[in-house]
>>> print(open('protein13.tsv').read())   # TSV, C-alpha atoms
chain	number	residue	atom	x	y	z
A	1	MET	CA	119.63	95.03	69.76
A	2	ASN	CA	116.34	95.82	68.03
A	3	PHE	CA	113.39	95.42	70.42
A	4	ARG	CA	110.33	97.33	71.54
A	5	ILE	CA	108.33	97.76	74.73
A	6	ARG	CA	104.53	97.70	74.48
A	7	ALA	CA	101.46	97.18	76.67
A	8	ALA	CA	100.52	93.51	77.02
A	9	ARG	CA	97.38	92.25	75.28
A	10	GLU	CA	95.11	89.39	76.31
A	11	GLY	CA	96.79	87.15	73.71
A	12	ASP	CA	100.14	87.58	75.49
A	13	CYS	CA	99.02	85.67	78.59
A	14	ARG	CA	100.53	82.33	77.52
A	15	ASP	CA	103.90	84.05	77.04
A	16	ILE	CA	103.52	85.90	80.34
A	17	GLN	CA	102.69	82.65	82.15
A	18	ARG	CA	105.74	80.95	80.56
A	19	MET	CA	108.04	83.77	81.71
A	20	ILE	CA	106.47	83.91	85.22
A	21	MET	CA	107.50	80.26	85.54
A	22	GLU	CA	111.01	80.93	84.16
A	23	LEU	CA	111.46	83.74	86.70
A	24	ALA	CA	110.27	81.51	89.56
A	25	VAL	CA	112.78	78.83	88.51
A	26	TYR	CA	115.53	81.48	88.64
A	27	GLU	CA	114.30	82.53	92.10
A	28	LYS	CA	114.36	78.84	93.17
A	29	MET	CA	110.64	78.85	94.03
A	30	ALA	CA	109.01	77.27	90.97
A	31	ASP	CA	106.87	75.01	93.20
A	32	GLN	CA	105.02	78.10	94.44
A	33	VAL	CA	103.62	79.04	91.00
A	34	LYS	CA	99.94	78.14	90.68
A	35	ILE	CA	98.78	80.71	88.12
A	36	SER	CA	97.38	79.74	84.71
A	37	HIS	CA	97.18	81.83	81.55
A	38	GLU	CA	93.37	81.72	81.87
A	39	GLU	CA	93.60	83.36	85.31
A	40	LEU	CA	96.02	85.95	83.94
A	41	GLN	CA	93.51	86.74	81.18
A	42	ARG	CA	90.59	87.03	83.60
A	43	ASP	CA	92.45	89.12	86.19
A	44	GLY	CA	94.37	91.44	83.84
A	45	PHE	CA	91.95	92.09	81.01
A	46	GLY	CA	88.50	92.42	82.58
A	47	PRO	CA	86.66	95.64	83.47
A	48	ASN	CA	88.63	96.13	86.72
A	49	PRO	CA	92.11	94.75	85.99
A	50	PHE	CA	94.14	93.59	88.98
A	51	TYR	CA	97.44	94.30	87.20
A	52	GLN	CA	99.07	96.02	84.23
A	53	CYS	CA	101.84	94.48	82.13
A	54	LEU	CA	104.49	95.68	79.69
A	55	ILE	CA	106.08	93.29	77.17
A	56	ALA	CA	109.52	93.35	75.51
A	57	GLU	CA	109.34	92.04	71.96
A	58	VAL	CA	112.05	91.31	69.38
A	59	PRO	CA	111.51	91.04	65.61
A	60	GLU	CA	111.00	87.58	64.09
A	61	GLU	CA	114.64	87.33	62.91
A	62	LEU	CA	115.92	87.67	66.49
A	63	LYS	CA	113.55	85.09	68.02
A	64	SER	CA	114.81	82.82	70.80
A	65	ASP	CA	116.17	79.30	70.22
A	66	GLU	CA	112.70	78.01	71.10
A	67	GLY	CA	110.96	80.44	68.73
A	68	HIS	CA	109.78	83.12	71.17
A	69	THR	CA	109.65	86.81	70.18
A	70	THR	CA	108.26	87.91	73.56
A	71	VAL	CA	111.45	87.96	75.61
A	72	GLY	CA	110.68	89.96	78.76
A	73	TYR	CA	107.93	91.54	80.83
A	74	ALA	CA	107.27	93.93	83.71
A	75	LEU	CA	104.06	93.39	85.68
A	76	TYR	CA	102.85	96.08	88.07
A	77	PHE	CA	99.76	97.49	89.79
A	78	TYR	CA	98.64	100.65	91.57
A	79	THR	CA	99.00	100.86	95.34
A	80	TYR	CA	98.59	103.59	97.95
A	81	SER	CA	100.93	105.12	100.49
A	82	THR	CA	99.16	106.75	103.44
A	83	TRP	CA	102.17	109.05	103.73
A	84	LYS	CA	102.57	110.10	100.10
A	85	GLY	CA	99.54	108.94	98.08
A	86	ARG	CA	99.34	107.09	94.75
A	87	SER	CA	102.15	104.62	94.09
A	88	ILE	CA	103.09	101.70	91.86
A	89	TYR	CA	104.31	98.29	92.93
A	90	MET	CA	106.27	96.31	90.35
A	91	GLU	CA	105.58	92.65	91.05
A	92	ASP	CA	107.90	91.18	88.39
A	93	LEU	CA	110.63	92.30	86.03
A	94	TYR	CA	112.09	89.57	83.84
A	95	VAL	CA	114.23	89.17	80.72
A	96	MET	CA	114.98	85.76	79.19
A	97	PRO	CA	118.63	84.77	79.83
A	98	GLU	CA	119.70	84.81	76.16
A	99	PHE	CA	118.46	88.43	75.81
A	100	ARG	CA	120.13	89.86	78.92
A	101	GLY	CA	122.85	92.51	78.88
A	102	LYS	CA	121.26	94.25	75.88
A	103	GLY	CA	119.26	96.98	77.59
A	104	VAL	CA	115.91	95.16	77.69
A	105	GLY	CA	115.64	95.10	81.49
A	106	LYS	CA	116.65	98.75	81.73
A	107	ALA	CA	114.05	99.68	79.10
A	108	LEU	CA	111.29	97.76	80.93
A	109	MET	CA	112.26	99.31	84.29
A	110	ALA	CA	112.41	102.82	82.78
A	111	SER	CA	109.04	102.28	81.08
A	112	VAL	CA	107.38	101.40	84.39
A	113	ALA	CA	109.01	104.50	85.93
A	114	ARG	CA	107.58	106.59	83.10
A	115	VAL	CA	104.07	105.23	83.74
A	116	CYS	CA	104.61	106.07	87.43
A	117	VAL	CA	105.55	109.68	86.71
A	118	GLU	CA	102.84	110.13	84.06
A	119	GLN	CA	100.18	108.80	86.44
A	120	LYS	CA	101.41	111.12	89.22
A	121	CYS	CA	102.52	108.23	91.41
A	122	VAL	CA	105.24	109.30	93.80
A	123	ARG	CA	106.79	105.92	94.57
A	124	LEU	CA	107.79	102.85	92.62
A	125	GLN	CA	108.35	99.89	94.94
A	126	PHE	CA	109.31	96.24	94.40
A	127	SER	CA	110.97	93.33	96.23
A	128	VAL	CA	114.29	91.61	95.58
A	129	LEU	CA	115.78	88.47	97.18
A	130	ASP	CA	118.85	89.27	99.29
A	131	TRP	CA	121.06	86.71	97.49
A	132	ASN	CA	120.18	88.16	94.06
A	133	LYS	CA	123.19	90.50	94.01
A	134	LEU	CA	123.07	91.02	90.24
A	135	SER	CA	119.55	92.49	90.44
A	136	LEU	CA	120.24	94.40	93.65
A	137	ASP	CA	123.34	96.01	92.11
A	138	PHE	CA	121.36	96.93	88.99
A	139	TYR	CA	118.58	98.62	90.98
A	140	MET	CA	120.94	100.36	93.40
A	141	SER	CA	123.02	101.72	90.51
A	142	LYS	CA	119.82	103.36	89.25
A	143	GLY	CA	119.25	105.07	92.60
A	144	ALA	CA	116.86	102.66	94.37
A	145	GLU	CA	116.73	102.66	98.17
A	146	ASP	CA	116.71	99.39	100.12
A	147	LEU	CA	114.00	100.04	102.74
A	148	THR	CA	114.66	96.75	104.53
A	149	MET	CA	118.33	97.70	105.05
A	150	GLU	CA	117.80	101.41	105.69
A	151	GLU	CA	114.63	101.46	107.79
A	152	GLY	CA	114.14	97.84	108.85
A	153	TRP	CA	110.92	97.01	107.00
A	154	HIS	CA	110.03	93.29	106.95
A	155	VAL	CA	107.38	91.80	104.66
A	156	LEU	CA	104.82	89.63	106.47
A	157	ARG	CA	102.12	87.38	105.08
A	158	PHE	CA	99.01	85.48	106.16
A	159	HIS	CA	97.88	82.73	103.84
A	160	GLY	CA	96.28	79.28	103.85
A	161	ALA	CA	95.03	77.97	107.19
A	162	ALA	CA	96.30	80.98	109.20
A	163	LEU	CA	94.36	83.35	106.92
A	164	GLU	CA	91.17	81.27	107.16
A	165	LYS	CA	91.43	81.04	110.94
A	166	LEU	CA	91.96	84.79	111.28
A	167	ALA	CA	88.99	85.54	109.00
A	168	HIS	CA	86.74	83.47	111.25
A	169	GLU	CA	87.69	85.63	114.23
A	170	ALA	CA	86.15	88.71	112.60
A	171	PRO	CA	83.38	90.32	114.70
B	172	MET	CA	84.82	97.07	125.43
B	173	ASN	CA	81.92	98.07	123.23
B	174	PHE	CA	83.08	98.97	119.71
B	175	ARG	CA	82.24	98.21	116.11
B	176	ILE	CA	84.12	97.81	112.83
B	177	ARG	CA	82.60	99.39	109.72
B	178	ALA	CA	83.62	100.50	106.23
B	179	ALA	CA	85.02	104.03	106.16
B	180	ARG	CA	82.96	106.81	104.59
B	181	GLU	CA	84.16	109.98	102.89
B	182	GLY	CA	83.39	111.95	106.05
B	183	ASP	CA	85.89	109.83	108.01
B	184	CYS	CA	88.91	111.19	106.10
B	185	ARG	CA	89.79	113.85	108.70
B	186	ASP	CA	89.88	111.13	111.38
B	187	ILE	CA	91.87	108.80	109.09
B	188	GLN	CA	94.39	111.56	108.35
B	189	ARG	CA	94.73	112.27	112.09
B	190	MET	CA	95.41	108.59	112.83
B	191	ILE	CA	97.82	108.21	109.87
B	192	MET	CA	99.86	110.98	111.51
B	193	GLU	CA	99.63	109.35	114.96
B	194	LEU	CA	100.87	106.05	113.49
B	195	ALA	CA	103.78	107.78	111.72
B	196	VAL	CA	104.78	109.46	115.00
B	197	TYR	CA	104.79	106.01	116.64
B	198	GLU	CA	106.93	104.69	113.75
B	199	LYS	CA	109.29	107.67	114.23
B	200	MET	CA	108.76	108.91	110.64
B	201	ALA	CA	106.20	111.70	111.07
B	202	ASP	CA	108.23	113.99	108.77
B	203	GLN	CA	107.45	111.66	105.84
B	204	VAL	CA	103.67	112.21	105.99
B	205	LYS	CA	102.48	114.54	103.21
B	206	ILE	CA	98.89	113.34	102.76
B	207	SER	CA	95.86	115.59	103.37
B	208	HIS	CA	92.27	114.59	104.14
B	209	GLU	CA	91.28	116.08	100.75
B	210	GLU	CA	93.66	113.69	98.98
B	211	LEU	CA	92.33	110.78	101.02
B	212	GLN	CA	88.79	111.75	99.95
B	213	ARG	CA	89.74	112.03	96.27
B	214	ASP	CA	91.79	108.79	96.17
B	215	GLY	CA	89.55	106.56	98.30
B	216	PHE	CA	86.03	107.64	97.38
B	217	GLY	CA	86.05	108.29	93.62
B	218	PRO	CA	84.93	105.92	90.84
B	219	ASN	CA	88.20	103.91	90.95
B	220	PRO	CA	89.30	103.98	94.59
B	221	PHE	CA	93.03	103.49	95.23
B	222	TYR	CA	92.35	102.03	98.68
B	223	GLN	CA	89.72	100.58	101.01
B	224	CYS	CA	89.46	101.38	104.72
B	225	LEU	CA	87.82	99.91	107.82
B	226	ILE	CA	87.15	102.03	110.89
B	227	ALA	CA	86.91	101.06	114.57
B	228	GLU	CA	84.31	103.16	116.36
B	229	VAL	CA	83.33	103.40	120.04
B	230	PRO	CA	80.02	104.78	121.38
B	231	GLU	CA	79.91	108.43	122.49
B	232	GLU	CA	80.22	107.51	126.20
B	233	LEU	CA	83.60	105.85	125.58
B	234	LYS	CA	85.09	108.67	123.48
B	235	SER	CA	88.79	109.51	123.88
B	236	ASP	CA	90.12	112.25	126.16
B	237	GLU	CA	90.17	114.53	123.12
B	238	GLY	CA	86.61	113.63	122.12
B	239	HIS	CA	87.26	111.10	119.31
B	240	THR	CA	84.92	108.14	118.75
B	241	THR	CA	86.92	106.86	115.74
B	242	VAL	CA	89.74	105.06	117.52
B	243	GLY	CA	91.40	102.81	114.93
B	244	TYR	CA	91.61	101.97	111.24
B	245	ALA	CA	92.91	99.39	108.79
B	246	LEU	CA	93.71	100.63	105.27
B	247	TYR	CA	94.28	98.12	102.46
B	248	PHE	CA	94.15	97.64	98.69
B	249	TYR	CA	94.05	94.83	96.16
B	250	THR	CA	97.32	93.57	94.68
B	251	TYR	CA	98.35	90.67	92.47
B	252	SER	CA	100.73	87.76	92.93
B	253	THR	CA	102.02	86.28	89.66
B	254	TRP	CA	102.40	82.99	91.53
B	255	LYS	CA	99.01	82.82	93.29
B	256	GLY	CA	96.70	85.52	91.89
B	257	ARG	CA	94.51	88.04	93.71
B	258	SER	CA	95.87	89.32	97.02
B	259	ILE	CA	95.42	92.09	99.55
B	260	TYR	CA	98.08	94.39	100.94
B	261	MET	CA	97.32	96.01	104.29
B	262	GLU	CA	99.10	99.35	104.28
B	263	ASP	CA	98.20	100.41	107.84
B	264	LEU	CA	96.68	98.95	110.99
B	265	TYR	CA	96.37	101.36	113.91
B	266	VAL	CA	94.60	101.65	117.25
B	267	MET	CA	94.87	104.76	119.44
B	268	PRO	CA	97.07	104.07	122.52
B	269	GLU	CA	94.28	104.52	125.09
B	270	PHE	CA	92.16	101.88	123.30
B	271	ARG	CA	94.83	99.18	122.94
B	272	GLY	CA	94.69	95.78	124.63
B	273	LYS	CA	90.90	95.61	124.21
B	274	GLY	CA	90.62	93.55	121.05
B	275	VAL	CA	90.25	96.44	118.59
B	276	GLY	CA	93.44	95.65	116.64
B	277	LYS	CA	92.56	91.96	116.50
B	278	ALA	CA	89.07	92.79	115.24
B	279	LEU	CA	90.43	95.11	112.52
B	280	MET	CA	93.03	92.53	111.44
B	281	ALA	CA	90.44	89.73	111.38
B	282	SER	CA	88.02	91.92	109.42
B	283	VAL	CA	90.63	92.54	106.70
B	284	ALA	CA	91.30	88.78	106.64
B	285	ARG	CA	87.57	88.17	106.19
B	286	VAL	CA	87.44	90.58	103.23
B	287	CYS	CA	90.44	88.73	101.81
B	288	VAL	CA	88.76	85.32	102.05
B	289	GLU	CA	85.38	86.64	100.82
B	290	GLN	CA	87.02	88.26	97.79
B	291	LYS	CA	88.93	85.04	97.01
B	292	CYS	CA	92.30	86.63	97.67
B	293	VAL	CA	94.87	84.03	98.65
B	294	ARG	CA	97.36	86.24	100.45
B	295	LEU	CA	97.24	89.06	102.95
B	296	GLN	CA	100.57	90.90	103.10
B	297	PHE	CA	101.84	93.90	105.05
B	298	SER	CA	105.11	95.37	106.35
B	299	VAL	CA	106.38	95.78	109.91
B	300	LEU	CA	109.48	97.59	111.21
B	301	ASP	CA	112.03	95.16	112.70
B	302	TRP	CA	112.24	97.03	116.04
B	303	ASN	CA	108.46	96.92	116.50
B	304	LYS	CA	108.54	93.68	118.52
B	305	LEU	CA	105.08	94.20	120.00
B	306	SER	CA	103.46	94.22	116.54
B	307	LEU	CA	105.71	91.45	115.18
B	308	ASP	CA	104.82	89.20	118.15
B	309	PHE	CA	101.11	89.93	117.64
B	310	TYR	CA	101.19	89.01	113.93
B	311	MET	CA	103.42	85.96	114.42
B	312	SER	CA	101.12	84.66	117.19
B	313	LYS	CA	98.30	84.76	114.62
B	314	GLY	CA	100.31	82.63	112.17
B	315	ALA	CA	101.93	85.27	109.94
B	316	GLU	CA	105.14	84.39	108.10
B	317	ASP	CA	108.09	86.81	107.99
B	318	LEU	CA	109.14	86.64	104.32
B	319	THR	CA	112.17	88.86	104.87
B	320	MET	CA	113.50	86.46	107.54
B	321	GLU	CA	112.44	83.21	105.87
B	322	GLU	CA	113.12	83.88	102.19
B	323	GLY	CA	115.27	87.02	102.17
B	324	TRP	CA	112.88	89.48	100.49
B	325	HIS	CA	113.96	93.13	100.67
B	326	VAL	CA	111.68	96.05	99.82
B	327	LEU	CA	113.20	98.51	97.35
B	328	ARG	CA	111.94	101.91	96.22
B	329	PHE	CA	112.54	104.52	93.55
B	330	HIS	CA	111.23	108.00	94.32
B	331	GLY	CA	112.02	111.67	93.79
B	332	ALA	CA	114.97	112.49	91.52
B	333	ALA	CA	115.95	108.83	90.95
B	334	LEU	CA	112.41	108.04	89.75
B	335	GLU	CA	112.32	111.08	87.43
B	336	LYS	CA	115.74	110.23	85.98
B	337	LEU	CA	114.76	106.62	85.35
B	338	ALA	CA	111.49	107.67	83.68
B	339	HIS	CA	113.43	109.85	81.23
B	340	GLU	CA	115.48	106.82	80.14
B	341	ALA	CA	112.36	105.08	78.80
B	342	PRO	CA	112.60	104.23	75.10
>>> encode(input="protein13.tsv", output="structure tokens")
Amino acid sequence: MNFRIRAAREGDCRDIQRMIMELAVYEKMADQVKISHEELQRDGFGPNPFYQCLIAEVPEELKSDEGHTTVGYALYFYTYSTWKGRSIYMEDLYVMPEFRGKGVGKALMASVARVCVEQKCVRLQFSVLDWNKLSLDFYMSKGAEDLTMEEGWHVLRFHGAALEKLAHEAP
Amino acid sequence: MNFRIRAAREGDCRDIQRMIMELAVYEKMADQVKISHEELQRDGFGPNPFYQCLIAEVPEELKSDEGHTTVGYALYFYTYSTWKGRSIYMEDLYVMPEFRGKGVGKALMASVARVCVEQKCVRLQFSVLDWNKLSLDFYMSKGAEDLTMEEGWHVLRFHGAALEKLAHEAP
């Protein structure tokens, strides 16, 4: 299939927001999505962007049933390992259902890996839900390691009232 | 115990590197640490720092058996949730064994939470090894959620040869 991968522009934020919601529906957590395209514009395209994004785009003649030519995205940011140094965390990788199985996801994933290598980042990390066997198999077939299975790492979070309470305990 | 929490300075990087190694020994993965204090200086104190760090410091009269007054640290960076927006990831939280049980870890944790709230970040995330019950109990008692247990999130990673191979598949 004819498609290309390019860096997202500010004008892509409505499409990115639409696909963020589609991904959350697939992950059965759509109620958790609170982000707007205005916030995505502010946080990704100001002087100190909080994230970077790559877009998969098809030509007009291959547009989706609903008229979209932006059919996938990979959103990532720079992180830091105190063991190894500069790293990348890929927050989302998504391809619209009708465009799957055509190499778009692989191309997005590989493009993030290329950024990682070019920017001298030594690790590319991301999170996958344990019931999402299709995605897990895809990543494992490409040589990913499952750190939760192999080393026992659990992801923990403070938010809402617990975060506020903790902040008030600061000396 | 008399101690204070302050932002790390470039001159703290030797102490930070020492404590990164002590933490890795505790986590039984000391062989994975490759970072030097020069890299920590370059990556944390340039124009676009990859990380932020808080230091716990005791007065000279309370220094450790080996003469250290820097007795703990919390290292974190800004991340991005496509569901909620700006977030913080705490990469490390460490207190030297002889200074534990005196409120230093709680003060470091609370100080990172305060930065999080002040910077309008809605989430504070971090990772804990499943056998590290002492730390897990501490975080859970403060209201943390275990996303691996509750929602099934696994942490995956590409690095080394798998990362290089993937990068070469980019279109």
>>> atom_distance(input="protein13.tsv", atom1="CA of Arg213 (chain B)", atom2="CA of Glu289 (chain B)")
26.2 Å
>>> residues_around(input="protein13.tsv", residues="Tyr249 (chain B)", least_positions_apart="3", cutoff="7 Å", atoms="all atoms listed in the file", output="CSV table (one decimal) with C-alpha atoms, in the coordinates of the input")
chain,number,residue,atom,x,y,z
B,258,SER,CA,95.9,89.3,97.0
B,259,ILE,CA,95.4,92.1,99.6
B,260,TYR,CA,98.1,94.4,100.9
>>> residues_around(input="protein13.tsv", residues="region 233-248 of chain B", least_positions_apart="2", cutoff="6 Å", atoms="only C-alpha atoms", output="list in words")
Tyr222, Gln223, Cys224, Leu225, Ile226, Ala227, Glu228, Val229, Pro230, Glu231, Ile259, Tyr260, Met261, Glu262, Asp263, Leu264, Tyr265, Val266 and Met267 of chain B
>>> closest_residue(input="protein13.tsv", among="B:Ala338, B:Cys292, B:Val326, B:Cys184", to="Gly256 (chain B)", atoms="all atoms listed in the file")
B:Cys292
>>> closest_atom_pairs(input="protein13.tsv", of="chain B", to="chain A", cutoff="7 Å", atoms="only C-alpha atoms", output="tab-separated table")
residue	atom	partner	partner_atom	distance
B:Ile191	CA	A:Thr82	CA	6.7
B:Gln203	CA	A:Trp83	CA	6.3
B:Val204	CA	A:Trp83	CA	4.2
B:Lys205	CA	A:Lys84	CA	5.4
B:Ile206	CA	A:Trp83	CA	5.5
B:Phe221	CA	A:Tyr80	CA	6.2
B:Tyr222	CA	A:Tyr80	CA	6.5
B:Phe248	CA	A:Thr79	CA	6.7
B:Thr250	CA	A:Phe50	CA	6.5
B:Tyr251	CA	A:Phe50	CA	6.2
B:Thr253	CA	A:Ile35	CA	6.6
B:Trp254	CA	A:Val33	CA	4.2
B:Lys255	CA	A:Lys34	CA	5.4
B:Gly256	CA	A:Ile35	CA	6.5
B:Ala278	CA	A:Ala170	CA	5.7
B:Ala281	CA	A:Ala170	CA	4.6
B:Ser282	CA	A:Ala170	CA	4.9
B:Ala284	CA	A:Ala167	CA	4.6
B:Arg285	CA	A:Ala167	CA	4.1
B:Val288	CA	A:Glu164	CA	7.0
B:Val293	CA	A:His159	CA	6.1
B:Arg294	CA	A:His159	CA	4.9
B:Leu295	CA	A:Phe158	CA	5.1
B:Gln296	CA	A:Arg157	CA	4.3
B:Phe297	CA	A:Leu156	CA	5.4
B:Ser298	CA	A:Val155	CA	4.6
B:Val299	CA	A:His154	CA	5.3
B:Leu300	CA	A:Trp153	CA	4.5
B:Asp301	CA	A:Gly152	CA	5.1
B:Lys313	CA	A:Ala162	CA	6.9
B:Gly314	CA	A:Ala162	CA	5.3
B:Ala315	CA	A:Phe158	CA	4.8
B:Glu316	CA	A:Arg157	CA	5.2
B:Asp317	CA	A:Leu156	CA	4.6
B:Leu318	CA	A:Val155	CA	5.5
B:Thr319	CA	A:His154	CA	5.3
B:Gly323	CA	A:Asp130	CA	5.1
B:Trp324	CA	A:Leu129	CA	4.5
B:His325	CA	A:Val128	CA	5.3
B:Val326	CA	A:Ser127	CA	4.6
B:Leu327	CA	A:Asp146	CA	4.6
B:Arg328	CA	A:Gln125	CA	4.3
B:Phe329	CA	A:Ala144	CA	4.8
B:His330	CA	A:Arg123	CA	4.9
B:Ala333	CA	A:Gly143	CA	5.3
B:Leu334	CA	A:Ala113	CA	6.2
B:Glu335	CA	A:Val117	CA	7.0
B:Leu337	CA	A:Ala110	CA	5.2
B:Ala338	CA	A:Arg114	CA	4.1
B:His339	CA	A:Arg114	CA	7.0
B:Glu340	CA	A:Ala110	CA	5.7
B:Ala341	CA	A:Ala110	CA	4.6
B:Pro342	CA	A:Ala107	CA	6.2
>>> atom_distance(input="protein13.tsv", atom1="CA of Phe216 (chain B)", atom2="CA of Glu181 (chain B)")
6.3 Å
>>> atom_distance(input="protein13.tsv", atom1="CA of Gly103 (chain A)", atom2="CA of Ser135 (chain A)")
13.6 Å
